[in-house]
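Novice: Structure incoming, see below.
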There are 2 protein chains.
Amino acid sequence: MLTKTPHLFDDATKVSAGDSRWQGHTSDDYWAFVGPFGGCTAATILRALMDHPQRSGDPTAMTVNYCAPVAQGEFDLDVRLVKANRSSQHWCVEMTQGNGDVSTLATAVFAERRPSWSHQQATYPSAKAMAETLPFPHVAAPWVKQYDFRFVEGEPKRGGLAATAPVETFSKLWIGDRVPRKIDALSLMAMSDAFFARIFHAKRELVPFGTVSLTTYFHADAADLEAENTTHVLGISDAKIFHKSYGDQNGDLWSPNGRLLATTTQISYFKA
Amino acid sequence: MLTKTPHLFDDATKVSAGDSRWQGHTSDDYWAFVGPFGGCTAATILRALMDHPQRSGDPTAMTVNYCAPVAQGEFDLDVRLVKANRSSQHWCVEMTQGNGDVSTLATAVFAERRPSWSHQQATYPSAKAMAETLPFPHVAAPWVKQYDFRFVEGEPKRGGLAATAPVETFSKLWIGDRVPRKIDALSLMAMSDAFFARIFHAKRELVPFGTVSLTTYFHADAADLEAENTTHVLGISDAKIFHKSYGDQNGDLWSPNGRLLATTTQISYFKA
């Protein structure tokens, strides 16, 4: 189960089981500017929970607080089942490296998703098919190369924000793994952090940026995802405010069949 | 600082300082159906952090995971500064009661909010003034009586959801403390959980319900809130999906001057 698998993503998020202490290693394939791609870190933590012998149910909510940059190399995951109920579990995970400092602090809720009244209130965003949408040209960061981004609306612009230009923060895009891989909770967790920083869109340039806290809710369990059987999702993302060095982002990840798979929000530091 | 103050809210969220272990007591004034109002629990935890001698900066993000019902009476707060950076702090808090079981698990990010490019992308929702809006009649739960809810749109309906009726989940309402109290981070934290459950709106009836995880981002620091100098906020709230016993909610809290003070999201269990 924990052996090397052919897909880069599974290799990048690989963990070795411990009792309460698990081990992993950062992936050069998913490297960002000053550390691993945050979505890869989040997915790695989620994998440790999914693989944990005490885990029961499907991931339902996960919050990841990025406390400090993760250095290239080994890390430990301190995995703790904080509270187990009849049909839900609350977990807490701390990622540490050599000096013992916590680089990442995460909480997760797992739940057995029982049948209920079901209703999708949000409307599926319309989009032309992924195959008819142009791929986004590769950019420098290694992690971006692991994804197939195809913008339907709100492709990042460059050249800086002119005084008379409107501030644009909305994007709609297809997202898949560059090497196609069936969408599961792990890839949804990673993709929920794969929208380009809203401040890059707003300012039309790259500025110093770091996600501080990321929260993702899963609206599809393993059986739902199996039924969707897709290798890509339609994502929409927007921001509401940038103020005093912090800005927000919200996003939805939809299956091509029009099912809302996950919703996500994050708050990020920026320098601009 | 921690003595009894005249406002019910401050009394309800009172905590006694410890080193890493703080104490508090549930409030009958803010009681909900089977435990304290979750927003009051969240604000109580936030107060312990705000009052902590090591605290630096303003609350920027907080996630509260409701692991189990909180029983009436005393509780302990295990407060831990997980990581301190130059201008931000990461905290983790566990609320426990007699048997040592964790009832609430929270993480929070504090940050010194430095000047930056500032832009509010979201549009202030228009609304007639609070004074011109009718108060929502008192309902049974004690905590609801502590608030002054005035619905502009999307007042809860009753009588159940008819087969031909549309599912309505959007609400716009003024929210203030029943006894006026200046809006601060503590009351924003509480009010971010004060929207009525979206499933009640969707189904037009009360059903078994419990918030599982709540995340709130603060977009105004103490100086910003001081400048707003308001005792009420305009809140909007909506849901995107109800599926397999869990549903989501998102919300914004605005000052009457049109400043976005906080954004919030939660995932909740329901039986319907």
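Each chain in the structure tokens gets a letter, A, B and so on, in the order shown; residues start at 1 in every chain, and ligands are counted from 1 in the order they appear.
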Select, as a PyMOL selection string, those residues of chain A with any atom no more than 7 Å from chain B (distances computed using only C-alpha atoms).
Specialist: chain A and resi 67+82-83+90+102+113-122+219+239-245+271-272
Novice: Give me the residues within 9 Å of Gly24 (chain B) as an mmCIF file with all heavy atoms, in the first residue's frame, counting only C-alpha atoms and dropping any in the same chain fewer than 4 places off.
Specialist:
data_model
loop_
_atom_site.group_PDB
_atom_site.id
_atom_site.type_symbol
_atom_site.label_atom_id
_atom_site.label_comp_id
_atom_site.auth_asym_id
_atom_site.auth_seq_id
_atom_site.Cartn_x
_atom_site.Cartn_y
_atom_site.Cartn_z
ATOM 1 N N THR B 13 -18.536 34.479 27.973
ATOM 2 C CA THR B 13 -17.281 34.020 27.362
ATOM 3 C C THR B 13 -16.086 34.249 28.298
ATOM 4 O O THR B 13 -14.928 34.226 27.860
ATOM 5 C CB THR B 13 -17.034 34.757 26.027
ATOM 6 O OG1 THR B 13 -17.022 36.178 26.272
ATOM 7 C CG2 THR B 13 -18.129 34.453 25.016
ATOM 8 N N LYS B 14 -16.378 34.456 29.573
ATOM 9 C CA LYS B 14 -15.331 34.720 30.564
ATOM 10 C C LYS B 14 -14.430 33.496 30.729
ATOM 11 O O LYS B 14 -14.904 32.364 30.711
ATOM 12 C CB LYS B 14 -16.015 35.064 31.893
ATOM 13 C CG LYS B 14 -15.112 35.642 32.947
ATOM 14 C CD LYS B 14 -15.942 36.087 34.154
ATOM 15 C CE LYS B 14 -16.748 34.934 34.742
ATOM 16 N NZ LYS B 14 -17.418 35.301 36.000
ATOM 17 N N VAL B 15 -13.160 33.730 30.906
ATOM 18 C CA VAL B 15 -12.226 32.639 31.190
ATOM 19 C C VAL B 15 -11.274 33.065 32.290
ATOM 20 O O VAL B 15 -11.019 34.253 32.484
ATOM 21 C CB VAL B 15 -11.400 32.238 29.937
ATOM 22 C CG1 VAL B 15 -12.224 31.380 28.994
ATOM 23 C CG2 VAL B 15 -10.873 33.478 29.218
ATOM 24 N N SER B 16 -10.750 32.087 32.999
ATOM 25 C CA SER B 16 -9.766 32.362 34.044
ATOM 26 C C SER B 16 -8.410 31.903 33.548
ATOM 27 O O SER B 16 -8.254 30.774 33.073
ATOM 28 C CB SER B 16 -10.116 31.597 35.321
ATOM 29 O OG SER B 16 -11.431 31.894 35.711
ATOM 30 N N THR B 44 -15.358 32.065 23.335
ATOM 31 C CA THR B 44 -14.705 31.801 24.622
ATOM 32 C C THR B 44 -13.262 31.357 24.401
ATOM 33 O O THR B 44 -12.332 31.807 25.080
ATOM 34 C CB THR B 44 -15.485 30.717 25.390
ATOM 35 O OG1 THR B 44 -16.829 31.156 25.580
ATOM 36 C CG2 THR B 44 -14.842 30.431 26.733
ATOM 37 N N GLY B 73 -21.673 23.351 32.619
ATOM 38 C CA GLY B 73 -20.738 23.394 33.745
ATOM 39 C C GLY B 73 -19.334 23.825 33.355
ATOM 40 O O GLY B 73 -19.132 24.522 32.364
ATOM 41 N N GLU B 74 -18.393 23.402 34.190
ATOM 42 C CA GLU B 74 -17.000 23.808 34.028
ATOM 43 C C GLU B 74 -16.339 23.128 32.830
ATOM 44 O O GLU B 74 -16.714 22.019 32.471
ATOM 45 C CB GLU B 74 -16.197 23.407 35.277
ATOM 46 C CG GLU B 74 -16.805 23.783 36.608
ATOM 47 C CD GLU B 74 -16.653 25.253 36.902
ATOM 48 O OE1 GLU B 74 -15.731 25.877 36.324
ATOM 49 O OE2 GLU B 74 -17.476 25.787 37.682
ATOM 50 N N PHE B 75 -15.352 23.798 32.277
ATOM 51 C CA PHE B 75 -14.504 23.164 31.258
ATOM 52 C C PHE B 75 -13.084 23.704 31.389
ATOM 53 O O PHE B 75 -12.861 24.755 31.990
ATOM 54 C CB PHE B 75 -15.045 23.408 29.845
ATOM 55 C CG PHE B 75 -15.263 24.856 29.514
ATOM 56 C CD1 PHE B 75 -14.203 25.690 29.180
ATOM 57 C CD2 PHE B 75 -16.548 25.397 29.538
ATOM 58 C CE1 PHE B 75 -14.406 27.027 28.881
ATOM 59 C CE2 PHE B 75 -16.762 26.740 29.236
ATOM 60 C CZ PHE B 75 -15.694 27.555 28.912
ATOM 61 N N ASP B 76 -12.145 22.937 30.860
ATOM 62 C CA ASP B 76 -10.751 23.369 30.814
ATOM 63 C C ASP B 76 -10.370 23.669 29.378
ATOM 64 O O ASP B 76 -10.875 23.030 28.445
ATOM 65 C CB ASP B 76 -9.823 22.259 31.332
ATOM 66 C CG ASP B 76 -9.948 22.070 32.835
ATOM 67 O OD1 ASP B 76 -10.152 23.070 33.535
ATOM 68 O OD2 ASP B 76 -9.849 20.913 33.282
ATOM 69 N N LEU B 77 -9.484 24.618 29.211
ATOM 70 C CA LEU B 77 -8.937 24.915 27.892
ATOM 71 C C LEU B 77 -7.439 24.675 27.934
ATOM 72 O O LEU B 77 -6.720 25.306 28.721
ATOM 73 C CB LEU B 77 -9.210 26.378 27.502
ATOM 74 C CG LEU B 77 -10.670 26.791 27.354
ATOM 75 C CD1 LEU B 77 -10.764 28.280 27.030
ATOM 76 C CD2 LEU B 77 -11.351 25.967 26.264
#
Novice: Work out how far CA of Ala17 (chain A) is from CA of Leu81 (chain A), in Å to one decimal.
Specialist: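 Pair CA of Leu81 (chain A) / CA of Ala17 (chain A) returns 14.8 Å.
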Novice: Just asking: which residues within region 72-213 of chain B are helix (DSSP H, G or I) according to DSSP, as a ChimeraX atom specification?
Specialist: /B:130-132,142-145,185-191,198-203
Novice: Go through region 56-216 of chain B and collect every residue that DSSP, computed from the backbone, puts in strand (DSSP E or B); the answer should be as a PyMOL selection string.
Specialist: chain B and resi 58-66+74-84+88-96+102-111+119-120+147-153+171-177+209-216
Novice: Taking only C-alpha atoms into account, name the residue in B:Gly160, B:Pro135, B:Gly251, B:Gly18 that is nearest to Lys172 (chain B).
Specialist: B:Gly251
Novice: Suppose you want the space between CA of His25 (chain A) and CA of Cys40 (chain A); what is it in Å?
Specialist: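 Spanning CA of His25 (chain A) to CA of Cys40 (chain A) is a straight-line distance of 11.2 Å.
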Novice: Just to confirm, what's the straight-line distance from CA of Asp28 (chain B) to CA of Pro208 (chain B) in Å (one decimal)?
Specialist: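 For CA of Asp28 (chain B) relative to CA of Pro208 (chain B), the distance reads 20.6 Å.
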Novice: Can you check which parts of region 159-191 of chain A lie within 12 Å of region 139-143 of chain A? Per residue, the shortest pair of atoms and distance in Å to one decimal, counting only C-alpha atoms, sorted by chain and number, as CSV.
Specialist:
residue,atom,partner,partner_atom,distance
A:Asp177,CA,A:Trp143,CA,10.4
A:Arg178,CA,A:Trp143,CA,10.2
A:Ala190,CA,A:Trp143,CA,10.8
A:Met191,CA,A:Trp143,CA,11.2
Novice: Output N, CA, C and O atoms for every residue in the selection just made, as a compact mmCIF listing (two decimals), in the first residue's frame.
Specialist:
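Generated output (again31.txt):
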# COMPACT_ATOMS: atom_id res chain seq x y z
N ASP A 177 -4.54 16.20 -13.20
CA ASP A 177 -3.12 15.89 -13.09
C ASP A 177 -2.53 15.81 -14.49
O ASP A 177 -3.19 15.34 -15.43
N ARG A 178 -1.30 16.29 -14.65
CA ARG A 178 -0.66 16.27 -15.98
C ARG A 178 -0.67 14.85 -16.53
O ARG A 178 -1.05 14.64 -17.68
N ALA A 190 -5.39 18.39 -2.72
CA ALA A 190 -4.29 19.11 -3.36
C ALA A 190 -4.80 20.18 -4.32
O ALA A 190 -4.33 21.32 -4.32
N MET A 191 -5.81 19.82 -5.12
CA MET A 191 -6.32 20.77 -6.12
C MET A 191 -7.02 21.97 -5.48
O MET A 191 -7.12 23.03 -6.08
Novice: Excluding Val34 (chain A) and its own-chain neighbours fewer than 6 positions away, which residues fall within 9 Å of it when counting only C-alpha atoms? Please give them as an MDAnalysis selection string.
Specialist: chainID A and resid 69:71
